[in-house]
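Asks: Got a file for you: entry_9.cif, mmCIF, C-alpha atoms.
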data_input
#
loop_
_atom_site.label_atom_id
_atom_site.label_comp_id
_atom_site.auth_asym_id
_atom_site.auth_seq_id
_atom_site.Cartn_x
_atom_site.Cartn_y
_atom_site.Cartn_z
CA MET A 1 -38.49 -60.34 13.30
CA LYS A 2 -37.48 -60.37 9.64
CA LYS A 3 -39.27 -57.03 9.06
CA HIS A 4 -37.49 -55.52 12.05
CA PHE A 5 -34.08 -56.73 10.80
CA SER A 6 -34.80 -55.40 7.28
CA LEU A 7 -35.69 -51.96 8.67
CA MET A 8 -32.55 -51.81 10.81
CA PHE A 9 -30.40 -52.87 7.84
CA THR A 10 -31.92 -50.14 5.67
CA ILE A 11 -31.23 -47.51 8.35
CA PHE A 12 -27.67 -48.82 8.67
CA LEU A 13 -27.12 -48.41 4.93
CA CYS A 14 -28.31 -44.82 5.00
CA VAL A 15 -26.08 -43.73 7.91
CA PRO A 16 -22.72 -42.43 6.65
CA LEU A 17 -19.64 -44.32 7.83
CA PHE A 18 -17.50 -41.19 7.85
CA ALA A 19 -19.81 -38.64 9.48
CA ASP A 20 -16.99 -36.42 10.78
CA LEU A 21 -14.98 -36.26 7.57
CA LYS A 22 -15.02 -33.26 5.23
CA VAL A 23 -13.68 -32.54 1.78
CA LYS A 24 -10.81 -30.25 2.82
CA ALA A 25 -9.31 -27.33 0.95
CA GLN A 26 -5.65 -27.88 0.21
CA SER A 27 -4.92 -24.18 0.87
CA ASP A 28 -6.29 -21.64 3.33
CA ILE A 29 -7.00 -19.28 0.41
CA PHE A 30 -7.98 -20.09 -3.17
CA PHE A 31 -7.41 -17.77 -6.12
CA THR A 32 -9.44 -17.04 -9.23
CA GLN A 33 -8.38 -18.16 -12.71
CA THR A 34 -6.12 -20.96 -11.46
CA GLU A 35 -6.32 -24.59 -10.27
CA ASN A 36 -7.57 -25.06 -6.71
CA CYS A 37 -7.59 -28.45 -5.02
CA TYR A 38 -9.85 -30.18 -2.48
CA ILE A 39 -8.93 -33.53 -0.95
CA LEU A 40 -10.88 -36.28 0.85
CA GLU A 41 -9.00 -38.99 2.77
CA LEU A 42 -10.77 -42.30 3.49
CA GLU A 43 -8.89 -44.68 5.79
CA ASP A 44 -9.22 -48.46 5.40
CA VAL A 45 -10.89 -48.05 1.98
CA GLU A 46 -9.38 -49.45 -1.21
CA PRO A 47 -9.41 -47.18 -4.31
CA HIS A 48 -11.15 -49.68 -6.57
CA THR A 49 -14.18 -49.76 -4.22
CA VAL A 50 -14.76 -45.99 -4.51
CA THR A 51 -16.94 -44.08 -6.98
CA MET A 52 -18.29 -40.54 -6.68
CA GLU A 53 -20.78 -38.11 -8.17
CA LEU A 54 -20.13 -34.34 -8.26
CA PRO A 55 -22.85 -32.00 -6.99
CA ASP A 56 -24.27 -29.17 -9.09
CA LEU A 57 -21.62 -26.46 -9.18
CA PRO A 58 -22.25 -22.78 -8.43
CA LEU A 59 -22.22 -20.28 -11.29
CA GLY A 60 -18.64 -19.29 -12.14
CA THR A 61 -17.14 -22.56 -10.85
CA ALA A 62 -15.70 -25.10 -13.29
CA PHE A 63 -14.66 -28.68 -12.50
CA LEU A 64 -11.23 -29.43 -13.99
CA SER A 65 -10.26 -32.99 -13.01
CA SER A 66 -10.19 -35.59 -10.25
CA LYS A 67 -7.94 -38.41 -9.11
CA LYS A 68 -8.17 -41.22 -6.56
CA GLU A 69 -5.13 -43.09 -5.31
CA GLU A 70 -3.88 -45.11 -2.38
CA PHE A 71 -2.28 -43.38 0.58
CA VAL A 72 -0.87 -44.32 4.02
CA SER A 73 -2.09 -42.29 6.99
CA GLU A 74 0.06 -41.06 9.88
CA ASN A 75 -1.01 -44.04 11.99
CA GLY A 76 0.09 -46.46 9.26
CA HIS A 77 -3.39 -47.27 7.92
CA ARG A 78 -3.84 -47.57 4.18
CA GLY A 79 -6.71 -45.86 2.47
CA THR A 80 -7.88 -43.80 -0.50
CA VAL A 81 -7.35 -40.10 -1.14
CA ILE A 82 -9.61 -38.31 -3.63
CA SER A 83 -8.31 -35.07 -5.18
CA LEU A 84 -10.65 -32.62 -6.94
CA TRP A 85 -9.53 -29.57 -8.92
CA PHE A 86 -11.74 -26.55 -9.63
CA ASN A 87 -11.40 -23.16 -11.29
CA PHE A 88 -13.21 -20.12 -9.89
CA SER A 89 -13.94 -17.12 -12.08
CA GLU A 90 -15.14 -14.89 -9.22
CA SER A 91 -13.90 -14.14 -5.72
CA GLY A 92 -15.96 -14.87 -2.62
CA ILE A 93 -16.69 -17.77 -0.26
CA THR A 94 -17.00 -21.22 -1.82
CA GLN A 95 -20.50 -22.77 -1.73
CA PHE A 96 -20.79 -26.48 -2.62
CA SER A 97 -23.45 -29.12 -1.99
CA PRO A 98 -22.15 -32.30 -0.30
CA LEU A 99 -20.07 -34.70 -2.37
CA LEU A 100 -21.68 -38.14 -2.94
CA VAL A 101 -19.18 -40.99 -2.57
CA LYS A 102 -20.11 -44.65 -2.91
CA ILE A 103 -17.94 -47.23 -1.17
CA ASN A 104 -18.75 -50.75 -2.36
CA GLY A 105 -21.98 -49.26 -3.68
CA ARG A 106 -22.91 -47.79 -0.35
CA PRO A 107 -23.56 -43.99 -0.42
CA SER A 108 -21.98 -41.43 1.94
CA TYR A 109 -22.19 -37.66 1.73
CA PHE A 110 -19.25 -35.41 2.60
CA GLU A 111 -19.50 -31.66 3.12
CA PHE A 112 -16.99 -29.36 1.43
CA GLU A 113 -14.91 -27.20 3.75
CA ARG A 114 -15.60 -23.54 3.08
CA THR A 115 -12.72 -21.36 2.00
CA ILE A 116 -12.19 -17.85 0.65
CA VAL A 117 -11.51 -17.27 -3.04
CA ARG A 118 -9.48 -14.11 -3.72
CA GLU A 119 -8.52 -12.39 -6.94
CA ASN A 120 -5.47 -13.99 -8.48
CA PRO A 121 -2.51 -11.83 -7.38
CA ALA A 122 -0.66 -12.65 -10.61
CA LEU A 123 -3.41 -10.79 -12.48
CA ILE A 124 -3.62 -7.80 -10.11
CA SER A 125 -1.60 -4.62 -10.54
CA PRO A 126 -0.41 -2.74 -7.44
CA VAL A 127 -2.32 0.45 -6.60
CA LEU A 128 -1.62 3.51 -4.46
CA GLU A 129 -4.32 4.52 -1.99
CA ILE A 130 -4.76 7.63 0.13
CA GLN A 131 -6.52 8.06 3.46
CA PHE A 132 -7.18 11.53 4.88
CA LYS A 133 -6.93 12.02 8.63
CA ARG A 134 -7.45 15.76 8.88
CA PRO A 135 -9.80 16.96 7.52
CA ALA A 136 -11.30 13.54 6.88
CA ASN A 137 -14.52 14.27 4.96
CA LEU A 138 -14.53 13.98 1.17
CA THR A 139 -17.50 15.42 -0.71
CA THR A 140 -18.69 13.66 -3.89
CA LEU A 141 -19.67 16.15 -6.61
CA LYS A 142 -22.34 15.65 -9.26
CA ASN A 143 -19.78 14.66 -11.90
CA GLY A 144 -18.47 11.89 -9.65
CA GLN A 145 -15.35 13.85 -8.72
CA LYS A 146 -14.44 13.91 -5.04
CA SER A 147 -13.47 17.16 -3.38
CA LEU A 148 -11.87 18.13 -0.10
CA PHE A 149 -12.75 21.64 1.09
CA VAL A 150 -10.12 23.40 3.23
CA LYS A 151 -9.14 26.92 4.25
CA LYS A 152 -5.91 28.57 3.17
CA GLY A 153 -3.12 27.39 5.47
CA GLU A 154 -5.13 24.56 7.02
CA LYS A 155 -3.11 21.40 7.62
CA ILE A 156 -4.15 18.46 5.47
CA SER A 157 -2.94 15.21 7.04
CA PHE A 158 -3.02 12.03 4.97
CA THR A 159 -1.39 8.61 4.70
CA VAL A 160 -0.33 6.85 1.49
CA PHE A 161 -0.75 3.07 1.20
CA LEU A 162 0.31 0.43 -1.33
CA ARG A 163 -1.94 -2.55 -2.04
CA TYR A 164 -0.98 -5.69 -4.03
CA GLY A 165 2.72 -4.80 -4.21
CA VAL A 166 5.50 -6.99 -2.79
CA GLN A 167 8.41 -4.53 -2.75
CA ILE A 168 9.21 -0.84 -3.27
CA LEU A 169 11.96 -0.04 -5.80
CA ASP A 170 11.61 3.74 -6.00
CA TYR A 171 9.67 6.30 -3.97
CA LYS A 172 9.67 10.02 -4.65
CA TRP A 173 7.47 13.09 -5.01
CA THR A 174 7.46 16.65 -6.25
CA ILE A 175 6.87 19.30 -3.59
CA PRO A 176 3.70 21.22 -4.55
CA LYS A 177 4.18 24.94 -5.15
CA ASP A 178 2.57 27.52 -2.90
CA SER A 179 2.61 24.85 -0.22
CA ILE A 180 4.38 23.53 2.83
CA PHE A 181 4.69 19.79 2.29
CA THR A 182 6.26 17.57 4.95
CA GLU A 183 6.75 13.83 5.32
CA ILE A 184 5.97 13.06 8.97
CA THR A 185 6.70 9.33 9.12
CA ARG A 186 7.91 6.64 6.72
CA SER A 187 7.73 2.85 7.10
CA ASP A 188 10.61 0.42 6.53
CA PHE A 189 8.58 -1.11 3.71
CA ALA A 190 8.57 2.26 1.90
CA ASN A 191 12.37 2.27 1.98
CA GLY A 192 12.47 -1.07 0.16
CA ALA A 193 13.89 -2.82 3.23
CA GLN A 194 11.09 -5.38 3.33
CA LYS A 195 9.62 -7.79 0.77
CA ILE A 196 6.27 -9.55 1.04
CA THR A 197 6.63 -13.29 0.44
CA GLN A 198 3.00 -14.41 0.84
CA PHE A 199 -0.17 -12.96 -0.61
CA THR A 200 -2.01 -10.45 1.54
CA ASN A 201 -5.05 -8.33 0.85
CA GLU A 202 -3.83 -5.76 3.38
CA ALA A 203 -2.66 -2.34 2.21
CA LYS A 204 0.86 -1.51 3.40
CA ASN A 205 1.51 1.87 5.04
CA LEU A 206 4.14 3.94 3.19
CA SER A 207 4.19 7.46 4.66
CA GLN A 208 2.16 10.04 6.52
CA PHE A 209 2.27 13.60 5.15
CA GLU A 210 1.14 17.07 6.22
CA TRP A 211 0.27 19.60 3.53
CA GLN A 212 -0.56 23.29 3.93
CA ILE A 213 -1.69 25.19 0.83
CA LEU A 214 -0.96 28.91 1.04
CA LYS A 215 -3.05 30.22 -1.87
CA GLU A 216 -6.70 29.79 -2.75
CA GLY A 217 -7.68 27.74 -5.78
CA ILE A 218 -8.33 24.20 -6.98
CA TYR A 219 -5.48 21.72 -6.53
CA THR A 220 -4.84 18.12 -7.47
CA LEU A 221 -3.15 15.61 -5.18
CA PRO A 222 0.64 15.89 -4.87
CA GLN A 223 2.67 14.09 -7.53
CA ILE A 224 3.82 11.06 -5.55
CA SER A 225 5.46 8.34 -7.63
CA VAL A 226 6.09 4.76 -6.50
CA THR A 227 7.75 2.00 -8.50
CA ALA A 228 6.69 -1.35 -7.04
CA VAL A 229 7.05 -5.04 -7.84
CA SER A 230 3.75 -6.87 -8.37
CA TYR A 231 3.03 -10.47 -7.40
CA ASN A 232 3.82 -11.70 -10.91
CA GLY A 233 7.26 -10.08 -10.76
CA SER A 234 6.59 -7.17 -13.11
CA GLN A 235 7.47 -3.58 -12.18
CA LYS A 236 4.78 -0.89 -12.12
CA THR A 237 5.14 2.88 -11.65
CA LEU A 238 2.14 4.21 -9.73
CA SER A 239 0.68 7.57 -8.78
CA LEU A 240 -2.14 8.72 -6.53
CA PRO A 241 -5.73 8.57 -7.86
CA GLN A 242 -6.75 11.60 -9.92
CA ASN A 243 -10.42 11.73 -8.98
CA ILE A 244 -9.81 13.91 -5.90
CA GLU A 245 -9.45 17.67 -5.98
CA ILE A 246 -8.54 20.04 -3.15
CA SER A 247 -10.65 23.21 -3.03
CA VAL A 248 -8.90 25.94 -1.01
CA SER A 249 -10.88 28.98 0.13
CA ASN A 250 -9.29 32.41 0.58
CA GLU A 251 -10.33 32.48 4.23
CA LYS A 252 -7.25 32.11 6.43
CA TYR A 253 -7.23 29.10 8.74
CA GLN A 254 -6.80 30.22 12.37
CA THR A 255 -5.87 27.72 15.07
CA ASN A 256 -3.29 27.27 17.79
CA ASP A 257 -1.81 24.59 15.55
CA SER A 258 -1.84 26.68 12.38
CA TYR A 259 1.22 27.66 10.40
CA PHE A 260 1.09 31.16 11.89
CA SER A 261 1.12 30.07 15.55
CA LYS A 262 3.90 28.32 17.50
CA ASN A 263 5.75 31.27 19.04
CA ASN A 264 4.48 33.51 16.22
CA THR A 265 6.87 31.82 13.79
CA VAL A 266 5.55 31.02 10.32
CA PHE A 267 5.16 27.28 9.64
CA ALA A 268 7.79 26.51 12.30
CA SER A 269 6.67 22.91 12.72
CA SER A 270 7.47 22.17 9.08
CA PHE A 271 10.98 23.62 9.38
CA GLU A 272 12.03 22.21 12.71
CA LYS A 273 15.26 20.20 12.59
CA PRO A 274 16.27 17.35 14.87
CA ALA A 275 18.06 18.65 17.95
CA GLN A 276 21.20 16.67 17.15
CA GLU A 277 21.38 18.11 13.64
CA VAL A 278 21.04 21.68 14.92
CA GLN A 279 23.68 21.00 17.55
CA ASN A 280 26.08 19.59 14.97
CA GLN A 281 25.63 22.62 12.74
CA GLU A 282 26.25 25.01 15.63
CA GLU A 283 29.41 23.13 16.62
CA LYS A 284 30.79 23.36 13.11
CA SER A 285 30.17 27.14 12.81
CA LEU A 286 30.82 27.02 9.08
CA THR A 287 31.35 30.26 7.18
CA LYS A 288 30.20 31.18 3.69
CA LYS A 289 33.75 30.51 2.47
CA ASP A 290 33.43 26.94 3.77
CA PHE A 291 30.20 26.53 1.83
CA GLU A 292 31.86 27.87 -1.33
CA GLU A 293 34.59 25.25 -0.97
CA ARG A 294 31.97 22.56 -0.50
CA ALA A 295 30.13 23.70 -3.66
CA LYS A 296 33.37 23.38 -5.65
CA LYS A 297 33.87 19.81 -4.45
CA GLU A 298 30.24 18.74 -4.86
CA LYS A 299 29.46 16.75 -8.01
CA LEU A 300 26.10 16.34 -9.69
CA THR A 301 24.96 12.85 -10.61
CA PHE A 302 24.29 11.88 -14.21
CA PHE A 303 20.53 12.00 -13.65
CA GLN A 304 20.70 15.38 -11.92
CA ARG A 305 22.54 16.83 -14.91
CA LEU A 306 20.13 15.13 -17.30
CA SER A 307 17.13 16.69 -15.53
CA GLY A 308 18.36 20.20 -16.32
CA LYS A 309 17.60 21.32 -12.75
CA LYS A 310 20.03 23.57 -10.86
CA TYR A 311 21.50 22.58 -7.51
CA ALA A 312 23.26 24.68 -4.90
CA ILE A 313 24.71 24.71 -1.39
CA PHE A 314 22.50 26.74 0.92
CA SER A 315 24.76 29.03 2.97
CA GLY A 316 22.12 29.85 5.56
CA GLY A 317 19.46 32.49 5.89
CA LYS A 318 15.71 32.87 6.08
CA ILE A 319 13.15 30.72 4.23
CA TYR A 320 9.83 32.35 3.30
CA SER A 321 6.48 31.06 2.08
CA ILE A 322 6.37 33.83 -0.54
CA PRO A 323 9.18 35.85 -2.19
CA GLU A 324 8.71 38.97 -0.05
CA LYS A 325 10.83 40.31 2.82
CA SER A 326 7.68 41.66 4.47
CA ALA A 327 6.57 38.07 5.12
CA VAL A 328 7.64 36.25 8.28
CA GLY A 329 10.50 33.85 7.59
CA GLN A 330 12.30 31.05 9.42
CA GLN A 331 16.07 31.25 10.00
CA PHE A 332 18.17 28.22 9.00
CA SER A 333 21.83 27.31 9.28
CA GLY A 334 23.44 26.37 5.98
CA GLY A 335 25.24 23.40 4.50
CA GLN A 336 22.41 21.58 2.71
CA LYS A 337 22.53 20.59 -0.94
CA VAL A 338 19.24 21.96 -2.33
CA LYS A 339 17.43 21.88 -5.65
CA ILE A 340 16.50 25.21 -7.25
CA SER A 341 13.13 24.88 -8.94
CA GLU A 342 12.17 28.50 -9.68
CA HIS A 343 13.45 32.10 -9.74
CA ALA A 344 11.59 35.35 -9.12
CA GLY A 345 13.78 38.45 -9.25
CA ASP A 346 16.30 38.21 -6.40
CA TRP A 347 14.55 35.13 -5.02
CA SER A 348 14.88 31.37 -5.60
CA PHE A 349 12.51 28.58 -4.60
CA ILE A 350 14.57 25.75 -3.07
CA GLU A 351 13.67 22.17 -2.12
CA TYR A 352 15.31 19.98 0.49
CA GLU A 353 14.32 16.70 2.18
CA THR A 354 12.86 18.40 5.25
CA PHE A 355 11.94 21.90 4.04
CA SER A 356 11.21 24.05 1.02
CA GLY A 357 10.45 27.70 0.35
CA TRP A 358 11.72 31.01 -1.01
CA THR A 359 15.13 32.44 -0.09
CA LEU A 360 17.32 35.23 -1.45
CA THR A 361 19.51 33.95 -4.31
CA GLU A 362 22.55 35.44 -2.57
CA ASN A 363 22.18 32.69 0.05
CA LEU A 364 22.90 30.03 -2.59
CA ILE A 365 26.22 28.87 -4.03
CA GLN A 366 25.45 27.07 -7.27
CA ILE A 367 27.02 23.69 -7.96
CA LYS A 368 28.54 23.63 -11.44
#
Now, as a test, write the supplied structure out as structure tokens.
Replies:
Amino acid sequence: MKKHFSLMFTIFLCVPLFADLKVKAQSDIFFTQTENCYILELEDVEPHTVTMELPDLPLGTAFLSSKKEEFVSENGHRGTVISLWFNFSESGITQFSPLLVKINGRPSYFEFERTIVRENPALISPVLEIQFKRPANLTTLKNGQKSLFVKKGEKISFTVFLRYGVQILDYKWTIPKDSIFTEITRSDFANGAQKITQFTNEAKNLSQFEWQILKEGIYTLPQISVTAVSYNGSQKTLSLPQNIEISVSNEKYQTNDSYFSKNNTVFASSFEKPAQEVQNQEEKSLTKKDFEERAKKEKLTFFQRLSGKKYAIFSGGKIYSIPEKSAVGQQFSGGQKVKISEHAGDWSFIEYETFSGWTLTENLIQIK
């Protein structure tokens, strides 16, 4: 009888009193290079009766400190809460052996709740990323450079993303020459209308673009510039990665969706205007004299003058992909304030929010 009682008592001592309890992470996500806390709550246990022994820690994990103190649970029971702080040097999923806690000398083992450790956002700089939709296949060259092979005039469709940025302060780009470059969609986040308040590993969509290159050769990605606020509050000016080149063959791209199709009008899809805008322009029926008056009243901003670029009011006319009348052009009504980026004889290359191309200089009234 005594032997039987002794055996049962030994088994009782070895069975944990808190089998369902775990050492819980204080946050859903931990971050590297900062303090991260686990807590263990033991009801009906006085702090002075509790001791503990830490398990062997994984490589890259450092124990910082611990504390035990009295607490009152939601149901009014008093107990002990143990807090443990660790520092993680690497991201990943936490891996701990059970924590050994002795209560009045009696051992119990508590498993650590697993959580994800991410890179500390305060130490991460925002980055711009690009994802091609058409054509989608990038080829990696021997030198590690990535290349996208397309035919002259083929539409390149891609989306620009921002990762590890909380807000957009400035967003602009330079229209590539010998190209038709169009912004198809833009998110509210890209306009600076939204601000991220909690850390996310997700890349935020900025804009989708379509790009048609009209001459053969090797091209770099368009010069897209984004000024963003990082998680630590600093401002960073970003550009697209430079390890991608666009190789354009001289073979003309032929498709029903190409820039030579759509009612036999050159790159019509890139120059289409919203129906309401076209209607408004037709209703106004402005003359060249009206545009001249507008040019006199128009004022350049300080930064526009500082850039040295010329600006003008476009009085209407045809826009061409190349400075030749023999090419097929697209007719536009006038009234837009455009930037003049280049001259070639009687021609000027103009840029506007929704179109760009070559037009006769006589169609422009320069803003002075």
Asks: Compile the contact shell of A:Phe86 as a PDB file with C-alpha atoms, in the frame of the given file: residues with an atom at most 9 Å away, counting all atoms listed in the file, same-chain residues fewer than 3 positions apart removed.
Replies:
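Saved as out01.pdb:
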ATOM      1  CA  THR A  34      -6.120 -20.960 -11.460  1.00  0.00           C
ATOM      2  CA  GLU A  35      -6.320 -24.590 -10.270  1.00  0.00           C
ATOM      3  CA  ASN A  36      -7.570 -25.060  -6.710  1.00  0.00           C
ATOM      4  CA  CYS A  37      -7.590 -28.450  -5.020  1.00  0.00           C
ATOM      5  CA  TYR A  38      -9.850 -30.180  -2.480  1.00  0.00           C
ATOM      6  CA  THR A  61     -17.140 -22.560 -10.850  1.00  0.00           C
ATOM      7  CA  ALA A  62     -15.700 -25.100 -13.290  1.00  0.00           C
ATOM      8  CA  PHE A  63     -14.660 -28.680 -12.500  1.00  0.00           C
ATOM      9  CA  LEU A  64     -11.230 -29.430 -13.990  1.00  0.00           C
ATOM     10  CA  SER A  65     -10.260 -32.990 -13.010  1.00  0.00           C
TER      11      SER A  65
END
Asks: Take the point (-12.2, 11.4, -9.1) as written in the file and pick out every residue within 6 Å of it, counting all atoms listed in the file; give the list as a PyMOL selection string.
Replies: chain A and resi 145-146+242-244
Asks: Please identify all polymer residues within 12 Å of A:Gln33, counting all atoms listed in the file, omitting same-chain residues fewer than 4 positions from it, and present them as a ChimeraX atom specification.
Replies: /A:60-62,64,86-91,117-124
Asks: When the PyMOL selection byres ((chain A and resi 75-80) around 7) is applied to the structure above, which residues does it catch, written out as a CSV table (one decimal) with C-alpha atoms, in the coordinates of the input?
Replies:
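Written out: expr34.csv:
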chain,number,residue,atom,x,y,z
A,41,GLU,CA,-9.0,-39.0,2.8
A,42,LEU,CA,-10.8,-42.3,3.5
A,43,GLU,CA,-8.9,-44.7,5.8
A,44,ASP,CA,-9.2,-48.5,5.4
A,45,VAL,CA,-10.9,-48.0,2.0
A,46,GLU,CA,-9.4,-49.4,-1.2
A,47,PRO,CA,-9.4,-47.2,-4.3
A,68,LYS,CA,-8.2,-41.2,-6.6
A,69,GLU,CA,-5.1,-43.1,-5.3
A,70,GLU,CA,-3.9,-45.1,-2.4
A,71,PHE,CA,-2.3,-43.4,0.6
A,72,VAL,CA,-0.9,-44.3,4.0
A,73,SER,CA,-2.1,-42.3,7.0
A,74,GLU,CA,0.1,-41.1,9.9
A,81,VAL,CA,-7.4,-40.1,-1.1
A,82,ILE,CA,-9.6,-38.3,-3.6
Asks: Using Å and a single decimal, report how far atom CA of A:Gln336 sits from atom CA of A:Leu300.
Replies: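 According to the coordinates, atom CA of A:Leu300 and atom CA of A:Gln336 are separated by 14.0 Å.
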Asks: Tell me which of A:Asn143, A:Thr94, A:Ser125, A:Ile29 sits closest to A:Leu59, counting only C-alpha atoms.
Replies: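 Looking only at the distances to A:Leu59, the closest residue turns out to be A:Thr94.
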Asks: Enter the distance from atom CA of A:Ser157 to atom CA of A:Asp188, in Å, rounded to one decimal.
Replies: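 Separation of atom CA of A:Ser157 and atom CA of A:Asp188: 20.1 Å.
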Asks: Which residue is closest to A:Ser207? Choose from A:Val248, A:Val160, A:Ile116, A:Leu169 and count only C-alpha atoms.
Replies: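 Using only C-alpha atoms, the shortest distance to A:Ser207 belongs to A:Val160.
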Asks: Identify, on the basis of all atoms listed in the file, every residue whose closest approach to A:Gly217 does not exceed 12 Å; exclude the query and any residue fewer than 2 positions from it along the same chain; express the result as an MDAnalysis selection string.
Replies: chainID A and resid 148:152 178 213:215 219:220 245:251
Asks: Starting from the PyMOL selection byres ((chain A and resi 233) around 10), expand the selection into actual residues of this file and give them as a count of residues only.
Replies: 12
Asks: So the first atom is atom CA of A:Gln26 and the second is atom CA of A:Gly105; what is the distance between them in Å, to one decimal place?
Replies: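 So the answer is 27.2 Å.
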Asks: Can you give me, as a list in words, the residues this file yields under the PyMOL selection byres ((chain A and resi 52) around 6)?
Replies: Thr51, Glu53, Leu100, Val101 and Lys102 of chain A
Asks: Could you check which of A:Gln304, A:Thr115, A:Ser66, A:Thr49 is closest to A:Asp28, using only C-alpha atoms?
Replies: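 Smallest separation from A:Asp28 among the options: A:Thr115.
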Asks: Let me make sure I understand: among A:Leu99, A:Leu141, A:Leu128, A:Ile196, which one has the smallest atom-to-atom distance to A:Asp56 if we use all atoms listed in the file?
Replies: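 Closest residue, counting all atoms listed in the file: A:Leu99.
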Asks: I need the residue nearest A:Trp85 from this list: A:Tyr171, A:Tyr320, A:Phe30, A:Tyr352. Use all atoms listed in the file for the distance.
Replies: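 Under the stated criterion, the closest residue is A:Phe30.
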Asks: So that I can check the surroundings of A:Lys310, please list as a ChimeraX atom specification every protein, DNA and RNA residue that reaches within 8 Å of it, counting all atoms listed in the file and ignoring chain neighbours fewer than 4 positions away.
Replies: /A:339-341,366-367
Asks: Would you mind telling me which residue in A:Phe291, A:Phe181, A:Phe349, A:Phe132 lies nearest to A:Gly335 when using only C-alpha atoms?
Replies: A:Phe291
Asks: Would you list the residues near (2.3, 8.2, -7.4) (no more than 12 Å away, in the coordinates of the file, using all atoms listed in the file) as number ranges by chain?
Replies: A: 126-130, 160-162, 170-174, 206, 221-228, 236-242
Asks: So that I can check the surroundings of A:Phe112, please list as a list in words every protein, DNA and RNA residue that reaches within 10 Å of it, counting only C-alpha atoms and ignoring chain neighbours fewer than 6 positions away.
Replies: Leu21, Lys22, Val23, Lys24, Ala25, Tyr38, Ile39, Leu40, Thr94, Gln95, Phe96, Ser97, Pro98 and Leu99 of chain A
